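Here is coords.pdb, consisting of PDB, C-alpha atoms:
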```pdb
MODEL        1
ATOM      1  CA  MET A1421      83.034 101.216 117.316  1.00  0.00           C
ATOM      2  CA  LYS A1422      79.627 102.162 115.874  1.00  0.00           C
ATOM      3  CA  GLU A1423      78.711 104.280 118.892  1.00  0.00           C
ATOM      4  CA  ASP A1424      82.085 106.069 118.742  1.00  0.00           C
ATOM      5  CA  ILE A1425      81.568 106.823 115.047  1.00  0.00           C
ATOM      6  CA  LYS A1426      78.058 108.116 115.661  1.00  0.00           C
ATOM      7  CA  LYS A1427      79.236 110.367 118.495  1.00  0.00           C
ATOM      8  CA  CYS A1428      82.249 111.592 116.485  1.00  0.00           C
ATOM      9  CA  CYS A1429      80.007 112.582 113.595  1.00  0.00           C
ATOM     10  CA  GLU A1430      77.788 114.588 115.963  1.00  0.00           C
ATOM     11  CA  ILE A1431      80.802 116.364 117.445  1.00  0.00           C
ATOM     12  CA  LEU A1432      82.417 117.036 114.060  1.00  0.00           C
ATOM     13  CA  ARG A1433      79.174 118.421 112.594  1.00  0.00           C
ATOM     14  CA  SER A1434      78.866 120.795 115.565  1.00  0.00           C
ATOM     15  CA  GLY A1435      82.384 122.186 115.016  1.00  0.00           C
ATOM     16  CA  GLY A1436      83.943 120.181 117.842  1.00  0.00           C
ATOM     17  CA  THR A1437      87.186 118.281 118.233  1.00  0.00           C
ATOM     18  CA  ILE A1438      87.892 114.598 118.743  1.00  0.00           C
ATOM     19  CA  LEU A1439      90.745 112.445 120.003  1.00  0.00           C
ATOM     20  CA  TYR A1440      90.787 109.306 117.877  1.00  0.00           C
ATOM     21  CA  PRO A1441      92.864 106.361 116.660  1.00  0.00           C
ATOM     22  CA  THR A1442      94.070 106.607 113.085  1.00  0.00           C
ATOM     23  CA  ASP A1443      95.936 104.316 110.713  1.00  0.00           C
ATOM     24  CA  THR A1444      99.095 105.546 112.458  1.00  0.00           C
ATOM     25  CA  ILE A1445      99.173 107.265 115.871  1.00  0.00           C
ATOM     26  CA  TRP A1446      96.306 108.734 117.891  1.00  0.00           C
ATOM     27  CA  GLY A1447      95.190 112.036 116.443  1.00  0.00           C
ATOM     28  CA  ILE A1448      93.377 115.219 117.314  1.00  0.00           C
ATOM     29  CA  GLY A1449      90.791 115.881 114.664  1.00  0.00           C
ATOM     30  CA  CYS A1450      87.990 118.078 113.460  1.00  0.00           C
ATOM     31  CA  ASP A1451      86.039 118.859 110.303  1.00  0.00           C
ATOM     32  CA  ALA A1452      88.730 119.791 107.783  1.00  0.00           C
ATOM     33  CA  THR A1453      86.348 122.255 106.100  1.00  0.00           C
ATOM     34  CA  ASN A1454      85.577 124.233 109.279  1.00  0.00           C
ATOM     35  CA  ALA A1455      88.068 127.061 109.945  1.00  0.00           C
ATOM     36  CA  GLU A1456      86.857 127.657 113.509  1.00  0.00           C
ATOM     37  CA  ALA A1457      87.221 123.978 114.410  1.00  0.00           C
ATOM     38  CA  ILE A1458      90.736 124.002 112.932  1.00  0.00           C
ATOM     39  CA  ASP A1459      91.625 126.961 115.164  1.00  0.00           C
ATOM     40  CA  LYS A1460      90.485 124.886 118.169  1.00  0.00           C
ATOM     41  CA  VAL A1461      92.916 122.126 117.180  1.00  0.00           C
ATOM     42  CA  TYR A1462      95.792 124.614 117.010  1.00  0.00           C
ATOM     43  CA  LYS A1463      94.883 125.859 120.507  1.00  0.00           C
ATOM     44  CA  ILE A1464      94.660 122.340 121.945  1.00  0.00           C
ATOM     45  CA  LYS A1465      98.139 121.557 120.596  1.00  0.00           C
ATOM     46  CA  ASN A1466      99.495 124.978 121.585  1.00  0.00           C
ATOM     47  CA  ARG A1467     100.750 125.182 118.020  1.00  0.00           C
ATOM     48  CA  ASP A1468     101.318 128.142 115.733  1.00  0.00           C
ATOM     49  CA  GLY A1469      98.642 128.414 113.070  1.00  0.00           C
ATOM     50  CA  ASN A1470     101.345 128.895 110.430  1.00  0.00           C
ATOM     51  CA  ILE A1471     102.287 125.210 110.670  1.00  0.00           C
ATOM     52  CA  PRO A1472      99.790 123.381 108.456  1.00  0.00           C
ATOM     53  CA  LEU A1473      97.859 120.319 109.579  1.00  0.00           C
ATOM     54  CA  LEU A1474      97.233 117.200 107.535  1.00  0.00           C
ATOM     55  CA  VAL A1475      93.953 115.757 106.361  1.00  0.00           C
ATOM     56  CA  LEU A1476      92.571 112.226 106.203  1.00  0.00           C
ATOM     57  CA  VAL A1477      90.271 111.089 103.400  1.00  0.00           C
ATOM     58  CA  ASN A1478      88.960 107.600 102.768  1.00  0.00           C
ATOM     59  CA  SER A1479      89.207 107.431  98.982  1.00  0.00           C
ATOM     60  CA  VAL A1480      91.069 108.796  96.008  1.00  0.00           C
ATOM     61  CA  ALA A1481      87.781 110.274  94.791  1.00  0.00           C
ATOM     62  CA  MET A1482      87.521 112.344  97.988  1.00  0.00           C
ATOM     63  CA  LEU A1483      91.186 113.317  97.714  1.00  0.00           C
ATOM     64  CA  GLU A1484      90.632 114.692  94.200  1.00  0.00           C
ATOM     65  CA  ARG A1485      88.042 117.167  95.561  1.00  0.00           C
ATOM     66  CA  TYR A1486      90.676 118.879  97.715  1.00  0.00           C
ATOM     67  CA  VAL A1487      93.728 119.009  95.425  1.00  0.00           C
ATOM     68  CA  VAL A1488      94.294 121.123  92.323  1.00  0.00           C
ATOM     69  CA  ASP A1489      96.015 119.294  89.444  1.00  0.00           C
ATOM     70  CA  MET A1490      96.759 115.968  91.087  1.00  0.00           C
ATOM     71  CA  PRO A1491      99.868 114.505  89.389  1.00  0.00           C
ATOM     72  CA  GLN A1492      99.354 111.103  87.759  1.00  0.00           C
ATOM     73  CA  VAL A1493     102.161 109.579  89.834  1.00  0.00           C
ATOM     74  CA  ALA A1494     100.090 110.216  92.994  1.00  0.00           C
ATOM     75  CA  TYR A1495      97.727 107.416  91.987  1.00  0.00           C
ATOM     76  CA  ASP A1496     100.653 105.001  91.673  1.00  0.00           C
ATOM     77  CA  LEU A1497     102.121 106.081  95.024  1.00  0.00           C
ATOM     78  CA  ILE A1498      98.805 105.531  96.782  1.00  0.00           C
ATOM     79  CA  ASP A1499      98.227 102.162  95.092  1.00  0.00           C
ATOM     80  CA  CYS A1500     101.733 100.893  95.862  1.00  0.00           C
ATOM     81  CA  ALA A1501     102.041 102.158  99.450  1.00  0.00           C
ATOM     82  CA  THR A1502     102.719  99.352 101.916  1.00  0.00           C
ATOM     83  CA  SER A1503     102.372 101.587 104.972  1.00  0.00           C
ATOM     84  CA  PRO A1504     100.505 104.827 105.732  1.00  0.00           C
ATOM     85  CA  MET A1505     101.782 107.637 103.518  1.00  0.00           C
ATOM     86  CA  THR A1506     100.912 111.314 103.661  1.00  0.00           C
ATOM     87  CA  ILE A1507     101.412 113.200 100.411  1.00  0.00           C
ATOM     88  CA  ILE A1508     101.941 116.946 100.392  1.00  0.00           C
ATOM     89  CA  PHE A1509     100.357 118.333  97.233  1.00  0.00           C
ATOM     90  CA  ASP A1510     101.270 121.721  95.728  1.00  0.00           C
ATOM     91  CA  LYS A1511      97.847 123.310  95.797  1.00  0.00           C
ATOM     92  CA  ALA A1512      94.796 122.713  97.968  1.00  0.00           C
ATOM     93  CA  ARG A1513      91.234 123.616  97.101  1.00  0.00           C
ATOM     94  CA  ASN A1514      87.924 123.658  98.973  1.00  0.00           C
ATOM     95  CA  LEU A1515      89.745 123.884 102.315  1.00  0.00           C
ATOM     96  CA  PRO A1516      90.094 126.833 104.726  1.00  0.00           C
ATOM     97  CA  GLU A1517      93.226 128.986 104.594  1.00  0.00           C
ATOM     98  CA  ASN A1518      94.197 128.128 108.169  1.00  0.00           C
ATOM     99  CA  LEU A1519      94.553 124.456 107.210  1.00  0.00           C
ATOM    100  CA  VAL A1520      96.896 124.794 104.252  1.00  0.00           C
ATOM    101  CA  GLY A1521     100.534 125.841 104.070  1.00  0.00           C
ATOM    102  CA  GLN A1522     101.479 129.438 103.346  1.00  0.00           C
ATOM    103  CA  ASP A1523     102.418 128.271  99.842  1.00  0.00           C
ATOM    104  CA  GLY A1524      98.948 126.757  99.339  1.00  0.00           C
ATOM    105  CA  SER A1525     100.095 123.152  99.816  1.00  0.00           C
ATOM    106  CA  ILE A1526      98.209 120.492 101.747  1.00  0.00           C
ATOM    107  CA  GLY A1527      99.184 117.141 103.266  1.00  0.00           C
ATOM    108  CA  ILE A1528      96.587 114.430 102.693  1.00  0.00           C
ATOM    109  CA  ARG A1529      96.535 110.723 103.494  1.00  0.00           C
ATOM    110  CA  VAL A1530      94.095 108.158 102.155  1.00  0.00           C
ATOM    111  CA  THR A1531      93.328 105.963 105.145  1.00  0.00           C
ATOM    112  CA  ASN A1532      92.391 102.319 104.930  1.00  0.00           C
ATOM    113  CA  GLU A1533      92.107 101.682 108.676  1.00  0.00           C
ATOM    114  CA  PRO A1534      88.575 100.486 109.589  1.00  0.00           C
ATOM    115  CA  PHE A1535      87.688 103.154 112.183  1.00  0.00           C
ATOM    116  CA  THR A1536      88.832 106.214 110.233  1.00  0.00           C
ATOM    117  CA  ASP A1537      87.520 104.795 106.954  1.00  0.00           C
ATOM    118  CA  GLN A1538      84.027 104.329 108.390  1.00  0.00           C
ATOM    119  CA  LEU A1539      84.118 107.640 110.248  1.00  0.00           C
ATOM    120  CA  ILE A1540      84.998 109.602 107.118  1.00  0.00           C
ATOM    121  CA  GLN A1541      82.490 107.623 105.062  1.00  0.00           C
ATOM    122  CA  GLN A1542      79.677 108.511 107.473  1.00  0.00           C
ATOM    123  CA  PHE A1543      80.834 112.083 108.046  1.00  0.00           C
ATOM    124  CA  ARG A1544      81.226 112.588 104.265  1.00  0.00           C
ATOM    125  CA  LYS A1545      84.036 115.110 104.641  1.00  0.00           C
ATOM    126  CA  PRO A1546      87.774 114.993 105.260  1.00  0.00           C
ATOM    127  CA  ILE A1547      89.003 115.093 108.831  1.00  0.00           C
ATOM    128  CA  VAL A1548      92.000 116.921 110.265  1.00  0.00           C
ATOM    129  CA  SER A1549      94.567 114.578 111.759  1.00  0.00           C
ATOM    130  CA  THR A1550      97.449 115.847 113.815  1.00  0.00           C
ATOM    131  CA  SER A1551      99.431 113.981 116.426  1.00  0.00           C
ATOM    132  CA  ALA A1552      97.869 113.903 119.886  1.00  0.00           C
ATOM    133  CA  ASN A1553     100.604 115.825 121.654  1.00  0.00           C
ATOM    134  CA  ILE A1554     101.308 119.352 122.805  1.00  0.00           C
ATOM    135  CA  HIS A1555     103.461 121.001 120.125  1.00  0.00           C
ATOM    136  CA  GLY A1556     107.137 120.315 120.744  1.00  0.00           C
ATOM    137  CA  ASN A1557     106.534 117.328 123.036  1.00  0.00           C
ATOM    138  CA  PRO A1558     107.158 113.717 122.004  1.00  0.00           C
ATOM    139  CA  THR A1559     104.467 111.946 120.012  1.00  0.00           C
ATOM    140  CA  ALA A1560     102.405 109.458 122.017  1.00  0.00           C
ATOM    141  CA  GLU A1561     102.781 105.920 120.686  1.00  0.00           C
ATOM    142  CA  ILE A1562      99.815 104.529 122.655  1.00  0.00           C
ATOM    143  CA  PHE A1563      96.688 106.096 124.145  1.00  0.00           C
ATOM    144  CA  GLN A1564      97.993 105.962 127.715  1.00  0.00           C
ATOM    145  CA  ASP A1565     100.914 108.224 126.727  1.00  0.00           C
ATOM    146  CA  ILE A1566      98.662 111.085 125.586  1.00  0.00           C
ATOM    147  CA  ASP A1567      98.977 114.238 127.691  1.00  0.00           C
ATOM    148  CA  GLY A1568      95.992 114.610 130.026  1.00  0.00           C
ATOM    149  CA  ARG A1569      95.550 118.233 128.947  1.00  0.00           C
ATOM    150  CA  ILE A1570      94.601 116.997 125.476  1.00  0.00           C
ATOM    151  CA  VAL A1571      92.241 114.342 126.797  1.00  0.00           C
ATOM    152  CA  ASP A1572      90.554 116.990 128.965  1.00  0.00           C
ATOM    153  CA  THR A1573      90.327 119.631 126.235  1.00  0.00           C
ATOM    154  CA  VAL A1574      88.899 117.801 123.206  1.00  0.00           C
ATOM    155  CA  ASP A1575      85.121 117.483 122.917  1.00  0.00           C
ATOM    156  CA  TYR A1576      85.097 113.699 122.552  1.00  0.00           C
ATOM    157  CA  VAL A1577      87.575 110.892 123.241  1.00  0.00           C
ATOM    158  CA  VAL A1578      87.023 107.724 121.215  1.00  0.00           C
ATOM    159  CA  LYS A1579      86.886 104.566 123.323  1.00  0.00           C
ATOM    160  CA  TYR A1580      87.762 102.209 120.464  1.00  0.00           C
ATOM    161  CA  ARG A1581      91.393 100.972 120.643  1.00  0.00           C
ATOM    162  CA  GLN A1582      92.261 102.767 123.899  1.00  0.00           C
ATOM    163  CA  ASN A1583      93.639  99.505 125.288  1.00  0.00           C
ATOM    164  CA  ASP A1584      95.721  98.714 122.203  1.00  0.00           C
ATOM    165  CA  MET A1585      99.326  98.497 123.440  1.00  0.00           C
ATOM    166  CA  LYS A1586     100.929  98.115 120.015  1.00  0.00           C
ATOM    167  CA  LYS A1587     103.330 101.035 119.594  1.00  0.00           C
ATOM    168  CA  ALA A1588     102.363 103.156 116.613  1.00  0.00           C
ATOM    169  CA  LYS A1589     104.450 105.442 114.467  1.00  0.00           C
ATOM    170  CA  ALA A1590     103.716 108.443 112.312  1.00  0.00           C
ATOM    171  CA  SER A1591     103.202 108.124 108.571  1.00  0.00           C
ATOM    172  CA  GLN A1592     105.767 108.500 105.871  1.00  0.00           C
ATOM    173  CA  ILE A1593     105.563 111.991 104.337  1.00  0.00           C
ATOM    174  CA  ILE A1594     106.263 112.682 100.685  1.00  0.00           C
ATOM    175  CA  LYS A1595     106.116 116.053  98.941  1.00  0.00           C
ATOM    176  CA  LEU A1596     104.840 115.671  95.396  1.00  0.00           C
ATOM    177  CA  SER A1597     105.048 118.601  92.997  1.00  0.00           C
ATOM    178  CA  ASN A1598     102.607 119.099  90.155  1.00  0.00           C
ATOM    179  CA  SER A1599     105.468 118.219  87.794  1.00  0.00           C
ATOM    180  CA  GLY A1600     105.724 114.800  89.476  1.00  0.00           C
ATOM    181  CA  GLN A1601     108.935 115.488  91.396  1.00  0.00           C
ATOM    182  CA  ILE A1602     109.037 113.496  94.663  1.00  0.00           C
ATOM    183  CA  GLN A1603     110.807 114.597  97.835  1.00  0.00           C
ATOM    184  CA  ILE A1604     110.840 112.360 100.908  1.00  0.00           C
ATOM    185  CA  ILE A1605     110.177 114.449 104.019  1.00  0.00           C
ATOM    186  CA  ARG A1606     109.890 111.627 106.588  1.00  0.00           C
ATOM    187  CA  LYS A1607     110.569 107.918 106.079  1.00  0.00           C
TER     188      LYS A1607
ENDMDL
END
```
Would you encode the structure as structure tokens?
Amino acid sequence: MKEDIKKCCEILRSGGTILYPTDTIWGIGCDATNAEAIDKVYKIKNRDGNIPLLVLVNSVAMLERYVVDMPQVAYDLIDCATSPMTIIFDKARNLPENLVGQDGSIGIRVTNEPFTDQLIQQFRKPIVSTSANIHGNPTAEIFQDIDGRIVDTVDYVVKYRQNDMKKAKASQIIKLSNSGQIQIIRK
């Protein structure tokens, strides 16, 4: 795992893309503060740049750096979550335009999975996380189900957990307005 993290940090710092295990499904990632790297992720997925990507952070403190006016209820949601939960916040900050929604919103998840936690801690920035599939195709539940075009196109494929056969599922998604109103997008 340490060698994968070291190599991922090198790739991310150089503006590259990675294929990596997350706290949910395998993801395609890059430096969430690098607009050119984000464009590469859209191309790999064959996805329209108008569909925003989500971001992984490893702490609430890091999350606060990328959200304007974080509602108090967000802290409770994060503390009480029993499974991975992505929260869509009304207004992003310190992130490139091509990462956020047209309305300025951003989806962020605080990860507590060992690999992504350590990767983000060492990289010291948030990481893009989008499902490792070509846009419109089914989401891969295990590494072996990932389309070979993705494996061949990213700059680095993490070795850690490639043999894990436990079927994964995507995170719950909640939209949280600055007024504290909660809308469940995906259970």
Inset, instruction - For the structure provided, state which residues fall under the PyMOL selection byres ((chain A and resi 1571) around 12), and present them as a PyMOL selection string. - result: chain A and resi 1437-1440+1446-1448+1464-1465+1552-1554+1563-1570+1572-1579+1582
Include C-alpha atoms and write out the residues we just selected as a PDB file, keeping the file's coordinate frame.
```pdb
ATOM      1  CA  THR A1437      87.186 118.281 118.233  1.00  0.00           C
ATOM      2  CA  ILE A1438      87.892 114.598 118.743  1.00  0.00           C
ATOM      3  CA  LEU A1439      90.745 112.445 120.003  1.00  0.00           C
ATOM      4  CA  TYR A1440      90.787 109.306 117.877  1.00  0.00           C
ATOM      5  CA  TRP A1446      96.306 108.734 117.891  1.00  0.00           C
ATOM      6  CA  GLY A1447      95.190 112.036 116.443  1.00  0.00           C
ATOM      7  CA  ILE A1448      93.377 115.219 117.314  1.00  0.00           C
ATOM      8  CA  ILE A1464      94.660 122.340 121.945  1.00  0.00           C
ATOM      9  CA  LYS A1465      98.139 121.557 120.596  1.00  0.00           C
ATOM     10  CA  ALA A1552      97.869 113.903 119.886  1.00  0.00           C
ATOM     11  CA  ASN A1553     100.604 115.825 121.654  1.00  0.00           C
ATOM     12  CA  ILE A1554     101.308 119.352 122.805  1.00  0.00           C
ATOM     13  CA  PHE A1563      96.688 106.096 124.145  1.00  0.00           C
ATOM     14  CA  GLN A1564      97.993 105.962 127.715  1.00  0.00           C
ATOM     15  CA  ASP A1565     100.914 108.224 126.727  1.00  0.00           C
ATOM     16  CA  ILE A1566      98.662 111.085 125.586  1.00  0.00           C
ATOM     17  CA  ASP A1567      98.977 114.238 127.691  1.00  0.00           C
ATOM     18  CA  GLY A1568      95.992 114.610 130.026  1.00  0.00           C
ATOM     19  CA  ARG A1569      95.550 118.233 128.947  1.00  0.00           C
ATOM     20  CA  ILE A1570      94.601 116.997 125.476  1.00  0.00           C
ATOM     21  CA  ASP A1572      90.554 116.990 128.965  1.00  0.00           C
ATOM     22  CA  THR A1573      90.327 119.631 126.235  1.00  0.00           C
ATOM     23  CA  VAL A1574      88.899 117.801 123.206  1.00  0.00           C
ATOM     24  CA  ASP A1575      85.121 117.483 122.917  1.00  0.00           C
ATOM     25  CA  TYR A1576      85.097 113.699 122.552  1.00  0.00           C
ATOM     26  CA  VAL A1577      87.575 110.892 123.241  1.00  0.00           C
ATOM     27  CA  VAL A1578      87.023 107.724 121.215  1.00  0.00           C
ATOM     28  CA  LYS A1579      86.886 104.566 123.323  1.00  0.00           C
ATOM     29  CA  GLN A1582      92.261 102.767 123.899  1.00  0.00           C
TER      30      GLN A1582
END
```
Inset, instruction - Rank A:Met1490, A:Ile1547, A:Ile1445, A:Leu1432 by their smallest atom-to-atom distance to Thr1559 in chain A, using only C-alpha atoms, and report the top residue only. - result: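 Once distances to Thr1559 in chain A are computed over only C-alpha atoms, the minimum belongs to A:Ile1445.
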Legend entry - Among listed residues A:Val1530, A:Leu1519, A:Ala1455, A:Ile1540, nearest Asp1499 in chain A (using all atoms listed in the file):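 Distance minimum relative to Asp1499 in chain A lands on A:Val1530.
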Legend entry - Residue nearest Val1520 in chain A among A:Ala1494, A:Ile1508, A:Gln1542, A:Lys1586 (counting only C-alpha atoms):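 For Val1520 in chain A, the nearest of the given residues is A:Ile1508.
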Legend entry - Nearest-residue call for Ile1425 in chain A, choices A:Gln1541, A:Gln1603, A:Ser1597, A:Met1482, using all atoms listed in the file: A:Gln1541
Legend entry - Atom pair CA of Ala1452 in chain A / CA of Met1421 in chain A: separation (Å): 21.6 Å
Inset, instruction - Using only C-alpha atoms, determine which residues lie at most 10 Å from Val1477 in chain A, disregarding the query and same-chain residues fewer than 5 positions distant; provide the list as a list in words. - result: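 Here the answer would be Ala1452, Met1482, Leu1483, Glu1484, Tyr1486, Ile1528, Arg1529, Val1530, Thr1531, Asn1532, Thr1536, Asp1537, Leu1539, Ile1540, Gln1541, Arg1544, Lys1545, Pro1546, Ile1547 and Val1548 of chain A.
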Selected residues written out with C-alpha atoms, as a compact mmCIF listing (two decimals), in the frame of the given file:
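Contents of the output file out_16.txt:
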```txt
# COMPACT_ATOMS: atom_id res chain seq x y z
CA ALA A 1452 88.73 119.79 107.78
CA MET A 1482 87.52 112.34 97.99
CA LEU A 1483 91.19 113.32 97.71
CA GLU A 1484 90.63 114.69 94.20
CA TYR A 1486 90.68 118.88 97.72
CA ILE A 1528 96.59 114.43 102.69
CA ARG A 1529 96.54 110.72 103.49
CA VAL A 1530 94.10 108.16 102.16
CA THR A 1531 93.33 105.96 105.14
CA ASN A 1532 92.39 102.32 104.93
CA THR A 1536 88.83 106.21 110.23
CA ASP A 1537 87.52 104.80 106.95
CA LEU A 1539 84.12 107.64 110.25
CA ILE A 1540 85.00 109.60 107.12
CA GLN A 1541 82.49 107.62 105.06
CA ARG A 1544 81.23 112.59 104.26
CA LYS A 1545 84.04 115.11 104.64
CA PRO A 1546 87.77 114.99 105.26
CA ILE A 1547 89.00 115.09 108.83
CA VAL A 1548 92.00 116.92 110.26
```
Inset, instruction - Give me the residues within 12 Å of Pro1516 in chain A as a PyMOL selection string, counting only C-alpha atoms and dropping any in the same chain fewer than 6 places off. - result: chain A and resi 1451-1459+1472-1473+1475+1486+1522+1524-1526+1548
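By chain and then residue number, the residues within 10 Å of Ala1590 in chain A are Thr1442, Asp1443, Thr1444, Ile1445, Trp1446, Pro1504, Met1505, Thr1506, Thr1550, Ser1551, Thr1559, Ala1560, Glu1561, Arg1606 and Lys1607 of chain A, counting all atoms listed in the file and disregarding those fewer than 4 positions away in sequence.
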Legend entry - Nearest candidate to Lys1422 in chain A (options A:Lys1460, A:Pro1534, A:Ile1605, A:Ile1593; using all atoms listed in the file):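 Closest to Lys1422 in chain A of all the choices is A:Pro1534.
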Legend entry - Selection result for the PyMOL selection byres ((chain A and resi 1470) around 8) on this file, as a ChimeraX atom specification: /A:1468-1469,1471-1472,1518,1521-1522
